[in-house]
Structure formats: structure tokens, C-alpha cells
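Participant: Structure file my_file-v5.txt, compact mmCIF, C-alpha atoms and all ligand atoms, is pasted below:
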# COMPACT_ATOMS: atom_id res chain seq x y z
CA MET A 1 105.21 66.96 88.01
CA LYS A 2 105.58 63.61 86.29
CA ILE A 3 108.95 62.69 84.87
CA LEU A 4 109.18 59.77 82.46
CA CYS A 5 112.66 58.32 82.19
CA VAL A 6 113.40 55.76 79.47
CA LEU A 7 116.59 53.83 80.17
CA TYR A 8 118.28 50.69 78.87
CA ASP A 9 117.77 47.31 80.56
CA ASP A 10 119.72 46.19 83.61
CA PRO A 11 122.54 43.67 83.11
CA LYS A 12 121.12 40.20 82.36
CA ASP A 13 122.49 38.87 85.67
CA GLY A 14 121.28 41.80 87.72
CA MET A 15 123.08 44.89 88.98
CA PRO A 16 126.82 44.37 89.67
CA GLY A 17 127.73 43.62 93.29
CA SER A 18 131.10 45.26 92.77
CA TYR A 19 132.90 47.25 90.09
CA ALA A 20 136.30 46.92 88.42
CA LEU A 21 137.50 50.29 89.74
CA ASN A 22 136.92 51.73 93.18
CA GLU A 23 136.82 55.31 91.98
CA LEU A 24 136.84 57.47 88.86
CA PRO A 25 139.76 59.72 87.98
CA LYS A 26 139.18 63.34 88.96
CA ILE A 27 138.69 65.81 86.13
CA ASP A 28 138.54 69.54 86.81
CA THR A 29 136.98 70.98 83.64
CA TYR A 30 136.28 70.03 80.04
CA PRO A 31 139.19 70.69 77.63
CA ASP A 32 137.90 74.11 76.53
CA GLY A 33 137.40 75.25 80.13
CA MET A 34 133.64 74.63 80.27
CA THR A 35 132.68 73.56 83.78
CA LEU A 36 131.53 70.02 84.50
CA PRO A 37 127.89 69.47 85.53
CA ASN A 38 127.33 71.18 88.87
CA PRO A 39 124.07 70.11 90.51
CA LYS A 40 123.55 71.19 94.12
CA ALA A 41 123.94 67.55 95.24
CA ILE A 42 123.99 64.00 93.88
CA ASP A 43 122.47 60.83 95.34
CA PHE A 44 124.58 58.24 93.51
CA ASN A 45 128.08 56.84 93.62
CA PRO A 46 130.05 57.96 90.55
CA GLY A 47 131.35 54.87 88.76
CA GLU A 48 128.23 52.75 89.30
CA LEU A 49 125.72 51.83 86.60
CA LEU A 50 123.26 54.72 86.34
CA GLY A 51 122.04 54.49 82.75
CA CYS A 52 119.99 51.31 83.18
CA VAL A 53 116.53 50.98 84.69
CA SER A 54 117.68 50.21 88.26
CA GLY A 55 120.28 52.98 88.09
CA GLU A 56 117.50 55.55 87.49
CA LEU A 57 120.19 58.13 86.70
CA GLY A 58 120.38 58.53 90.48
CA LEU A 59 117.29 60.76 90.35
CA ARG A 60 114.58 59.08 92.45
CA LYS A 61 115.34 60.51 95.88
CA PHE A 62 115.86 64.02 94.52
CA LEU A 63 112.61 63.99 92.55
CA GLU A 64 110.45 62.33 95.21
CA ASP A 65 111.80 64.60 97.98
CA ARG A 66 110.50 67.48 95.89
CA GLY A 67 107.09 65.84 95.48
CA HIS A 68 107.50 64.77 91.85
CA THR A 69 106.65 61.39 90.33
CA LEU A 70 109.38 59.43 88.55
CA VAL A 71 108.48 56.58 86.19
CA VAL A 72 111.37 54.56 84.77
CA THR A 73 111.00 51.99 82.00
CA SER A 74 112.96 50.38 79.19
CA ASP A 75 109.79 49.38 77.32
CA LYS A 76 109.76 52.02 74.58
CA ASP A 77 108.97 50.52 71.15
CA GLY A 78 105.94 49.07 69.39
CA GLU A 79 102.21 49.42 70.03
CA ASN A 80 101.23 49.99 73.65
CA SER A 81 104.73 50.35 75.03
CA GLN A 82 104.95 51.31 78.70
CA ALA A 83 106.67 54.57 77.73
CA ASP A 84 103.85 55.51 75.34
CA LYS A 85 101.26 54.83 78.04
CA GLU A 86 103.11 56.95 80.60
CA LEU A 87 103.86 59.74 78.14
CA VAL A 88 100.26 60.97 77.90
CA ASP A 89 100.38 62.89 81.20
CA ALA A 90 104.15 63.37 81.53
CA ASP A 91 105.65 66.84 82.01
CA ILE A 92 109.23 65.90 81.24
CA VAL A 93 110.77 63.01 79.29
CA ILE A 94 114.34 61.87 79.81
CA SER A 95 115.94 59.49 77.33
CA GLN A 96 119.44 58.41 76.33
CA PRO A 97 120.69 58.09 72.73
CA PHE A 98 121.94 54.55 73.51
CA TRP A 99 118.36 53.39 73.99
CA PRO A 100 116.48 56.24 72.39
CA TYR A 101 112.83 56.88 73.06
CA TYR A 102 111.86 58.16 69.61
CA LEU A 103 109.74 61.17 70.41
CA THR A 104 107.95 61.59 67.10
CA ARG A 105 105.41 64.31 66.27
CA GLU A 106 102.60 61.80 66.72
CA LYS A 107 103.76 60.93 70.24
CA MET A 108 104.25 64.57 71.18
CA GLU A 109 100.72 65.31 70.10
CA LYS A 110 99.45 62.71 72.56
CA ALA A 111 101.30 64.42 75.43
CA PRO A 112 99.62 67.79 76.03
CA LYS A 113 101.49 68.47 79.30
CA LEU A 114 104.96 67.80 77.88
CA LYS A 115 107.26 70.77 78.45
CA MET A 116 110.77 69.44 78.05
CA ALA A 117 112.71 66.52 76.57
CA ILE A 118 116.07 65.95 78.20
CA THR A 119 118.76 63.92 76.46
CA ALA A 120 120.90 62.28 79.13
CA GLY A 121 123.88 62.34 76.81
CA ILE A 122 124.54 64.19 73.56
CA GLY A 123 122.60 64.06 70.29
CA SER A 124 118.87 64.83 70.35
CA ASP A 125 117.94 63.55 66.90
CA HIS A 126 115.67 60.91 68.49
CA VAL A 127 113.35 63.83 69.22
CA ASP A 128 111.49 65.26 66.22
CA LEU A 129 113.06 68.68 66.64
CA GLN A 130 110.72 70.34 64.15
CA ALA A 131 107.69 69.05 66.07
CA ALA A 132 109.29 70.19 69.34
CA MET A 133 109.70 73.67 67.86
CA ASP A 134 106.11 73.66 66.60
CA HIS A 135 104.75 72.54 69.98
CA LYS A 136 107.06 74.74 72.07
CA ILE A 137 108.61 71.76 73.82
CA ASP A 138 112.14 72.56 74.91
CA VAL A 139 114.91 70.08 74.11
CA VAL A 140 118.14 70.03 76.10
CA GLU A 141 121.16 67.77 76.35
CA VAL A 142 124.24 67.45 78.56
CA THR A 143 126.73 69.01 76.18
CA TYR A 144 130.33 67.74 76.50
CA CYS A 145 129.39 65.02 79.04
CA ASN A 146 130.67 62.18 76.85
CA SER A 147 132.47 63.93 73.98
CA ILE A 148 135.88 62.81 75.26
CA SER A 149 134.55 59.30 75.95
CA VAL A 150 133.54 59.06 72.29
CA SER A 151 136.82 60.45 71.01
CA GLU A 152 138.64 57.67 72.89
CA HIS A 153 136.35 55.10 71.24
CA ILE A 154 137.15 56.61 67.83
CA VAL A 155 140.89 56.20 68.37
CA MET A 156 140.33 52.63 69.51
CA MET A 157 138.27 51.90 66.41
CA ILE A 158 140.67 53.52 63.94
CA LEU A 159 143.55 51.47 65.32
CA SER A 160 141.56 48.26 65.54
CA LEU A 161 140.27 48.56 61.96
CA VAL A 162 143.55 49.52 60.33
CA ARG A 163 145.58 46.96 62.28
CA ASP A 164 142.75 44.36 61.91
CA TYR A 165 142.54 43.68 65.64
CA HIS A 166 139.16 41.92 65.63
CA ASN A 167 140.38 39.24 63.25
CA GLN A 168 143.60 38.71 65.23
CA HIS A 169 141.72 38.53 68.55
CA ALA A 170 139.29 35.98 67.09
CA ILE A 171 142.22 33.80 65.98
CA ALA A 172 143.80 33.95 69.43
CA LYS A 173 140.51 33.22 71.17
CA SER A 174 139.74 30.24 69.00
CA GLY A 175 143.10 28.55 69.64
CA GLY A 176 144.66 29.42 66.26
CA TRP A 177 148.16 30.65 65.33
CA ASN A 178 148.15 31.36 61.61
CA ILE A 179 150.17 34.57 61.53
CA ALA A 180 149.68 35.09 57.80
CA ASP A 181 145.91 35.01 58.22
CA ALA A 182 146.24 37.36 61.15
CA VAL A 183 148.21 40.03 59.25
CA LYS A 184 147.03 39.81 55.66
CA ARG A 185 144.84 42.90 56.20
CA SER A 186 146.94 44.61 58.87
CA TYR A 187 148.60 48.02 58.34
CA ASP A 188 150.21 50.82 60.38
CA VAL A 189 148.33 54.07 60.86
CA GLU A 190 151.54 56.13 60.71
CA GLY A 191 151.65 58.32 57.61
CA MET A 192 147.96 57.89 56.79
CA HIS A 193 145.58 60.75 56.02
CA ILE A 194 142.84 60.92 58.65
CA GLY A 195 139.85 63.25 58.25
CA THR A 196 136.84 64.16 60.34
CA VAL A 197 133.46 65.29 59.10
CA ALA A 198 132.87 67.96 61.75
CA ALA A 199 135.42 69.20 64.24
CA GLY A 200 133.20 70.09 67.16
CA ARG A 201 133.85 68.79 70.67
CA ILE A 202 134.26 65.16 69.57
CA GLY A 203 135.84 65.73 66.16
CA LEU A 204 138.50 68.07 67.51
CA ALA A 205 139.24 65.76 70.46
CA ALA A 206 139.67 62.85 68.01
CA LEU A 207 142.08 64.92 65.88
CA ARG A 208 144.11 65.86 68.97
CA ARG A 209 144.29 62.23 70.04
CA MET A 210 145.38 61.02 66.58
CA GLN A 211 148.12 63.66 66.14
CA PRO A 212 150.81 61.74 68.09
CA PHE A 213 150.51 58.87 65.59
CA ASP A 214 152.35 61.01 62.99
CA VAL A 215 149.46 61.13 60.56
CA HIS A 216 148.17 63.91 58.26
CA LEU A 217 145.03 65.46 59.69
CA HIS A 218 142.07 66.86 57.73
CA TYR A 219 138.67 68.26 58.63
CA HIS A 220 135.48 69.64 57.17
CA ASP A 221 133.01 71.61 59.27
CA ARG A 222 130.47 74.32 58.61
CA HIS A 223 132.32 76.36 61.27
CA ARG A 224 136.02 76.78 60.67
CA LEU A 225 138.33 76.25 63.67
CA PRO A 226 140.54 79.11 64.91
CA GLU A 227 143.74 79.52 62.88
CA SER A 228 145.82 78.81 66.00
CA VAL A 229 144.25 75.33 66.31
CA GLU A 230 144.70 74.61 62.60
CA GLN A 231 148.39 75.50 62.92
CA GLU A 232 148.93 73.63 66.19
CA LEU A 233 147.60 70.38 64.72
CA ASN A 234 148.73 71.09 61.14
CA LEU A 235 145.16 70.61 59.90
CA SER A 236 144.02 70.75 56.28
CA PHE A 237 140.58 72.38 56.10
CA HIS A 238 138.22 71.26 53.32
CA GLU A 239 135.30 73.36 52.09
CA THR A 240 133.39 70.20 51.17
CA VAL A 241 133.07 66.65 52.45
CA GLU A 242 133.80 65.42 48.93
CA SER A 243 137.17 67.15 48.74
CA MET A 244 138.19 65.66 52.09
CA VAL A 245 137.10 62.07 51.51
CA ALA A 246 138.95 61.95 48.19
CA VAL A 247 142.31 62.15 49.97
CA CYS A 248 141.70 60.33 53.27
CA ASP A 249 142.60 56.78 54.24
CA VAL A 250 140.37 57.02 57.31
CA VAL A 251 137.24 59.15 57.64
CA THR A 252 135.58 59.65 61.01
CA ILE A 253 132.09 61.12 61.19
CA ASN A 254 131.34 63.48 64.06
CA CYS A 255 128.46 65.77 63.05
CA PRO A 256 124.97 65.53 64.57
CA LEU A 257 122.17 63.87 62.62
CA HIS A 258 119.83 66.45 61.11
CA PRO A 259 118.31 66.91 57.66
CA GLU A 260 121.60 68.20 56.16
CA THR A 261 123.56 65.14 57.29
CA GLU A 262 121.01 62.33 56.98
CA ASN A 263 122.20 59.80 54.37
CA LEU A 264 125.32 61.93 53.68
CA PHE A 265 127.41 58.80 53.12
CA ASP A 266 125.38 57.22 50.35
CA GLU A 267 126.71 55.25 47.38
CA THR A 268 127.69 58.43 45.53
CA MET A 269 129.72 59.82 48.45
CA ILE A 270 131.35 56.46 49.20
CA ASN A 271 132.42 56.20 45.56
CA LYS A 272 134.18 59.58 45.92
CA MET A 273 136.31 58.18 48.73
CA LYS A 274 139.83 56.88 48.21
CA LYS A 275 139.55 53.19 47.30
CA GLY A 276 140.07 50.96 50.32
CA ALA A 277 139.44 53.67 52.91
CA TYR A 278 138.02 53.03 56.38
CA ILE A 279 135.04 54.76 58.02
CA VAL A 280 134.55 55.20 61.76
CA ASN A 281 131.12 56.57 62.57
CA THR A 282 130.25 57.20 66.20
CA ALA A 283 127.93 60.09 65.30
CA ARG A 284 124.63 58.55 64.15
CA GLY A 285 123.80 55.47 62.08
CA LYS A 286 121.45 57.32 59.76
CA ILE A 287 124.26 59.56 58.45
CA CYS A 288 125.40 56.48 56.52
CA ASN A 289 123.28 54.51 54.10
CA LYS A 290 123.36 51.01 55.56
CA GLU A 291 123.08 49.10 52.28
CA ALA A 292 125.70 51.30 50.57
CA ILE A 293 128.18 50.69 53.42
CA ALA A 294 127.66 46.92 53.29
CA ALA A 295 128.01 46.89 49.48
CA ALA A 296 131.24 48.93 49.62
CA LEU A 297 132.74 46.51 52.13
CA GLU A 298 131.83 43.61 49.85
CA SER A 299 133.36 45.28 46.79
CA GLY A 300 136.52 46.53 48.51
CA GLN A 301 135.69 50.21 47.97
CA LEU A 302 135.80 50.32 51.79
CA SER A 303 138.32 48.23 53.76
CA GLY A 304 136.54 48.55 57.08
CA TYR A 305 133.68 50.18 58.92
CA ALA A 306 133.33 50.63 62.66
CA GLY A 307 131.19 52.62 64.98
CA ASP A 308 128.62 52.22 67.69
CA VAL A 309 125.61 53.96 66.21
CA TRP A 310 122.84 52.26 64.24
CA PHE A 311 119.39 53.13 62.99
CA PRO A 312 117.08 52.41 64.53
CA GLN A 313 118.16 51.43 68.03
CA PRO A 314 118.10 48.77 69.20
CA ALA A 315 119.17 47.56 65.76
CA PRO A 316 116.84 44.85 64.42
CA ASN A 317 118.48 41.41 64.68
CA ASP A 318 118.78 41.22 60.89
CA HIS A 319 120.39 44.69 60.50
CA ILE A 320 122.93 44.22 57.72
CA TRP A 321 125.71 45.85 59.75
CA ARG A 322 125.65 42.91 62.17
CA THR A 323 126.87 40.53 59.45
CA MET A 324 128.68 42.58 56.79
CA PRO A 325 132.41 41.84 56.30
CA HIS A 326 135.27 43.79 57.95
CA HIS A 327 133.18 45.62 60.50
CA GLY A 328 134.10 46.50 64.05
CA MET A 329 130.69 47.57 65.33
CA THR A 330 129.76 47.71 68.99
CA PRO A 331 126.30 48.36 70.35
CA HIS A 332 125.88 52.04 71.18
CA THR A 333 128.38 52.24 74.03
CA SER A 334 131.03 54.86 73.42
CA GLY A 335 129.25 57.63 75.28
CA THR A 336 127.98 55.51 78.16
CA SER A 337 131.13 54.32 79.87
CA LEU A 338 130.70 54.34 83.65
CA THR A 339 132.78 57.51 83.61
CA ALA A 340 130.41 59.24 81.20
CA GLN A 341 127.31 58.06 83.06
CA ALA A 342 128.40 59.89 86.21
CA ARG A 343 128.70 63.13 84.22
CA TYR A 344 125.43 62.90 82.35
CA ALA A 345 123.50 61.80 85.45
CA ALA A 346 124.85 64.88 87.25
CA GLY A 347 124.10 67.05 84.20
CA THR A 348 120.52 65.77 84.01
CA ARG A 349 120.05 66.65 87.66
CA GLU A 350 121.55 70.11 87.06
CA ILE A 351 119.04 70.69 84.26
CA LEU A 352 116.11 69.52 86.42
CA GLU A 353 117.19 71.71 89.35
CA CYS A 354 117.33 74.75 87.05
CA PHE A 355 113.94 73.91 85.55
CA PHE A 356 112.17 73.43 88.91
CA ASP A 357 113.80 76.52 90.46
CA ASN A 358 113.10 78.74 87.45
CA GLN A 359 116.76 79.32 86.77
CA ALA A 360 118.26 79.54 83.32
CA ILE A 361 119.57 76.27 81.90
CA ARG A 362 123.08 76.76 80.53
CA ASP A 363 123.05 78.05 76.99
CA GLU A 364 125.42 75.21 75.98
CA TYR A 365 122.77 72.64 76.95
CA LEU A 366 120.01 74.08 74.75
CA ILE A 367 118.92 72.48 71.49
CA VAL A 368 115.37 73.88 71.17
CA GLN A 369 113.94 76.66 73.33
CA ASN A 370 110.76 78.69 72.92
CA GLY A 371 110.03 77.19 69.53
CA GLU A 372 113.47 77.84 67.98
CA LEU A 373 116.84 76.13 67.70
CA ALA A 374 118.96 77.62 70.50
CA GLY A 375 122.45 77.22 72.01
CA VAL A 376 124.22 74.16 70.61
CA GLY A 377 121.06 73.45 68.60
CA ALA A 378 121.49 76.69 66.65
CA HIS A 379 125.22 76.05 66.17
CA SER A 380 125.17 72.37 65.26
CA TYR A 381 121.71 71.41 63.90
CA SER A 382 119.35 72.49 61.12
CA LYS A 383 115.57 72.70 61.31
CA GLY A 384 113.51 69.64 60.45
CA SER A 385 113.28 66.11 61.70
CA ALA A 386 115.29 62.89 61.43
CA THR A 387 113.05 60.42 63.26
CA SER A 388 111.30 58.82 60.27
CA GLY A 389 111.59 55.04 60.21
CA SER A 390 112.17 54.80 63.97
CA GLU A 391 109.19 52.46 64.41
CA GLU A 392 111.44 49.69 63.04
CA ALA A 393 113.10 49.58 66.47
CA ALA A 394 110.20 47.37 67.56
CA GLU A 395 111.65 44.58 65.38
CA TYR A 396 114.52 43.92 67.78
CA LYS A 397 113.87 40.70 69.71
CA LYS A 398 115.61 40.21 73.02
P1 LIG A 401 129.32 69.59 68.82
O1 LIG A 401 128.06 70.36 68.77
O2 LIG A 401 130.44 70.06 69.68
O3 LIG A 401 129.93 69.42 67.35
C1 LIG A 401 129.15 69.22 66.23
C2 LIG A 401 129.87 69.82 65.04
O4 LIG A 401 129.20 69.41 63.85
C3 LIG A 401 129.89 71.33 65.03
O5 LIG A 401 131.22 71.79 64.92
C4 LIG A 401 129.07 71.70 63.79
O6 LIG A 401 129.49 72.88 63.17
C5 LIG A 401 129.27 70.48 62.93
N1 LIG A 401 128.24 70.31 61.91
C6 LIG A 401 126.91 70.22 62.07
N2 LIG A 401 126.28 70.06 60.91
C7 LIG A 401 127.23 70.03 59.96
C8 LIG A 401 127.21 69.89 58.56
N3 LIG A 401 126.05 69.76 57.88
N4 LIG A 401 128.38 69.91 57.89
C9 LIG A 401 129.54 70.07 58.56
N5 LIG A 401 129.64 70.21 59.90
C10 LIG A 401 128.49 70.19 60.59
O7 LIG A 401 128.90 68.11 69.24
P2 LIG A 401 129.83 66.89 69.70
O8 LIG A 401 129.90 66.81 71.19
O9 LIG A 401 131.09 66.92 68.93
O10 LIG A 401 128.88 65.68 69.23
C11 LIG A 401 128.61 65.48 67.85
C12 LIG A 401 127.63 64.36 67.64
O11 LIG A 401 128.21 63.12 68.02
C13 LIG A 401 126.36 64.45 68.49
O12 LIG A 401 125.39 65.31 67.94
C14 LIG A 401 125.89 63.00 68.47
O13 LIG A 401 125.12 62.73 67.32
C15 LIG A 401 127.19 62.22 68.40
N6 LIG A 401 127.52 61.63 69.71
C16 LIG A 401 127.58 60.26 69.80
C17 LIG A 401 127.84 59.66 71.02
C18 LIG A 401 127.97 58.17 71.14
O14 LIG A 401 127.84 57.63 72.23
N7 LIG A 401 128.24 57.46 70.07
C19 LIG A 401 128.02 60.44 72.16
C20 LIG A 401 127.99 61.82 72.03
C21 LIG A 401 127.72 62.40 70.81
Spit out the file's structure as C-alpha cells when you get a sec.
Ligand code: NAD

Facilitator:
Amino acid sequence: MKILCVLYDDPKDGMPGSYALNELPKIDTYPDGMTLPNPKAIDFNPGELLGCVSGELGLRKFLEDRGHTLVVTSDKDGENSQADKELVDADIVISQPFWPYYLTREKMEKAPKLKMAITAGIGSDHVDLQAAMDHKIDVVEVTYCNSISVSEHIVMMILSLVRDYHNQHAIAKSGGWNIADAVKRSYDVEGMHIGTVAAGRIGLAALRRMQPFDVHLHYHDRHRLPESVEQELNLSFHETVESMVAVCDVVTINCPLHPETENLFDETMINKMKKGAYIVNTARGKICNKEAIAAALESGQLSGYAGDVWFPQPAPNDHIWRTMPHHGMTPHTSGTSLTAQARYAAGTREILECFFDNQAIRDEYLIVQNGELAGVGAHSYSKGSATSGSEEAAEYKK
């Protein structure tokens, strides 16, 4: 079989000769008891770069030993991309949300042999899920592999926005010492109302991590959490997003991108938020209207916006979120720490082993199977597609 793997570029100066840490901490299971990825073997060193082209997700030896062909490229956007050329006779496509290969209906229709799209990570909105259902292409992801990684990034971003860390760091770095400038937008998080749109694996982990800051916690989700969890964390449940955002100082967005959530934070929703609130969005860029976010930061309706997700990706150089005021954006990194890479590389291999050996892929990994939403897909997504506009990714210039 032919496996096409679309990964982000290597570091500009080449692959690291050494790493900051010699080994990764050992983790036994995910917080809810789900087992970590368990492939029969791995051919990489956990803690090394795996998500870039030369890292190859540690898959080459495994695939070639079994007689398969692996093609790895980062060239994914615009006319005649390498990925598009290789897709036409590929059986399986692997892509990561950080550098998403937008698998639109049009592309799928040029790939008659395609059987499965694997997301090496979490969040499969870069695949036209409706087209995958229509063409009976299965879509799977490595559920939980980086949910905790993202929740840590959310905590970092809430604290850095509210305390105004980026501004203070810039002053220190540039040789300055004006304390008044450094603190004129700096507050404590203690006592604030913090709410999450969705309390799935990431949203709940973010709530748990914020609880020790002595804040008031809120959530909205289409699935209510068990009463025991609501009591343990003293959570206020909201039937609607609107009711939650009206009372929150900080809103973090943690639902997948699908037709129900696309453009959820538009001008109307942002105007229902408490004036001066902060948004941290590590879910997907397209859940927020980019112009409405920038305008709200200009007007003061929002005090800050941070996250690591953009639309499309890579974000065009003139994407307004690169230059709007009071933002703490990173490129899409929260789920691709070296720690997370080791888990999703192992999870990708587990999925491939199951597929080649005709064994069932874990239910938790399924998004689309046999033409229907399945597993996490049925729980967390809705039918339809969210890939429109992705061709703009070609506008990014290296
Ligand atoms: P999850 O499936 O555990 O949780 C998703 C939650 O969203 C579920 O509880 C579901 O009920 C809720 N939900 C879905 N649609 C909703 C709606 N319309 N209204 C209210 N709630 C809704 O997934 P997770 O591991 O928590 O990941 C969530 C998302 O975060 C992913 O789909 C992905 O888009 C994003 N993510 C980003 C990164 C990153 O690197 N930035 C990494 C992993 C995941």
C-alpha cells in the first residue's frame, strides 16, 4: 500500500543534534483510565522531533519492512503541490492539524484508492467529513494523545493574558524598566469567572488545572458532566454559550470545529460577553470570526485573545491576528510538544498495525467509519464539512 504522510518542515537549521531533556516523564494512563497508545513496537526515541518531515513519525522502517511505500512531504498547498500529486494513488493519508493537509471533497475524488485518513493528533476538521462519509473513507485520530498538552497551554495563556506577560517580557528583553507601563493592564486571576465552551478531554482538564487558582468555574457542553465532577470542581453548568459568556471574565474554547461551531464567536456573540473579557482558543481558528475578534480588541470589548489555532494554516502572512492588539498567539504548537509527538506517533502506528492486521481500531479513535460518524466523531462532531476557504493556505510565504 502507499501511505502519504504530510508533515511540517524540519527546523531551519536542520534536525537537533541534542535535546533539552534526556528522557520524557513516564505516564501510566490518561486521566480517565484510557490506555496510552500501545503499538507492538516503536522505531523512534520518545522525546525527539517526530512531527517534521525528517522525523517521519518514526514510521519508515515499520512500513517498509511490511512492503509498503511511505511518501513524506510538507508541500501541501496550492496548484500542483507534492501532496496532491502523490494523493492520486495513495491508500492512506496521514496529516497533523498543526500543518493540515486539507482533504477537500475535490481532492478525495481524485484519489480512488483512498481508504483512510489518519489525523496524527486530535481534530479532523481539515478533512471534509461529509465527503469522507459519502465516499466511505474512514477518518481516525489519536484521541487523548495531546489533550493534556493543550490544557497546559490554555493555563499558560490565561495567566499570560490576564497578567499581561507578553508586554512585560518585551519590556525586559528590550532593556526597559518602566514598571507602570508593565503593569497598567496586569491583573490577578484569583476570583475571576472562567468558563469553557465544551468540557471534553481538554475542557475538563483545563477546568481541573484552573481550580487551584481560586476562581469560579463555568462550562457549557452538549453533554453534561457527571454530577460528581460538577460538585468536585464546583462547576456552574450553562444550557447555552450565551448565558455562560455573559458572566465570564475568561472564556476558553474547547469544542471541535464542525458546522455547529464554525463562526460561533462572531460579532453578535462577542457583544454578549462581559465587557473586557479574555478569550483563549486552542480549539480551531474558524470557531472565531477573525475580523470580529480583531475589532473587539481594538474597541476594548475584549481585553485579550490568545490561542494557537488559525484558519487556514499556515496562516497567511497578512492574517489580522498576527498584528491585532493584545494578542498572545503562537503558531499551532500546543498539541505538538515533544511529549505529545511521542504519543501521537505511537498512536498512528497502533492504528496502522490494526488496519494492516484486520483488527478493530479502538472505538475512541474513530471519527468516520463505514460512511457514518462513529466513536468520538458521533459524540463530538456533527455531519457536514468545515474545510471551505482552506485554499487560502497557499498564500503563506516562507
Ligand atoms: P473531546 O471529544 O474529548 O471533547 C470535545 C467536546 O466538545 C465534547 O465534550 C463535546 O460534547 C463538545 N462539543 C462538541 N460540539 C459541541 C457544541 N456544538 N456545543 C457544545 N459542546 C460541543 O475532544 P478534546 O480532546 O477535548 O479536543 C477538542 C478539540 O480541541 C479537538 O476537536 C480539536 O479541534 C482541538 N484540539 C486542539 C489541539 C491543539 O494543538 N491546539 C490539540 C488537540 C485538540

Participant: My list of candidates is A:Val251, A:Ser337, A:His326, A:Ala120. Which is closest to Arg163 (chain A) when distances are computed with all atoms listed in the file?

Facilitator: A:His326

Participant: Rank A:Thr339, A:Asn281, A:Thr35, A:Gln130 by their smallest atom-to-atom distance to ligand LIG 401 (chain A), using all atoms listed in the file, and report the top residue only.

Facilitator: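 Distance minimum relative to ligand LIG 401 (chain A) lands on A:Asn281.
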
Participant: If we count only C-alpha atoms and set the cut-off at 10 Å, which residues sit around region 391-397 of chain A, ignoring sequence neighbours fewer than 2 positions away in its own chain? Please answer as a list in words.

Facilitator: Asp75, Lys76, Asp77, Gly78, Glu79, Ser81, Trp99, Pro100, Tyr101, Tyr102, Thr104, Phe311, Pro312, Gln313, Pro314, Ala315, Pro316, Asn317, Asp318, His319, Thr387, Ser388 and Gly389 of chain A

Participant: Rank nothing, just name the residue among A:Glu109, A:Glu298, A:Asp10, A:Asp138 nearest to Gly375 (chain A), using all atoms listed in the file.

Facilitator: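 Ranking A:Glu109, A:Glu298, A:Asp10, A:Asp138 by distance to Gly375 (chain A), first place goes to A:Asp138.
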
Participant: One number please: CA of Val309 (chain A) to CA of Asn80 (chain A), in Å, one decimal.

Facilitator: 25.8 Å

Participant: Quick one: distance from CA of Met15 (chain A) to CA of Ala345 (chain A) in Å, one decimal?

Facilitator: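 It comes out at 17.3 Å.
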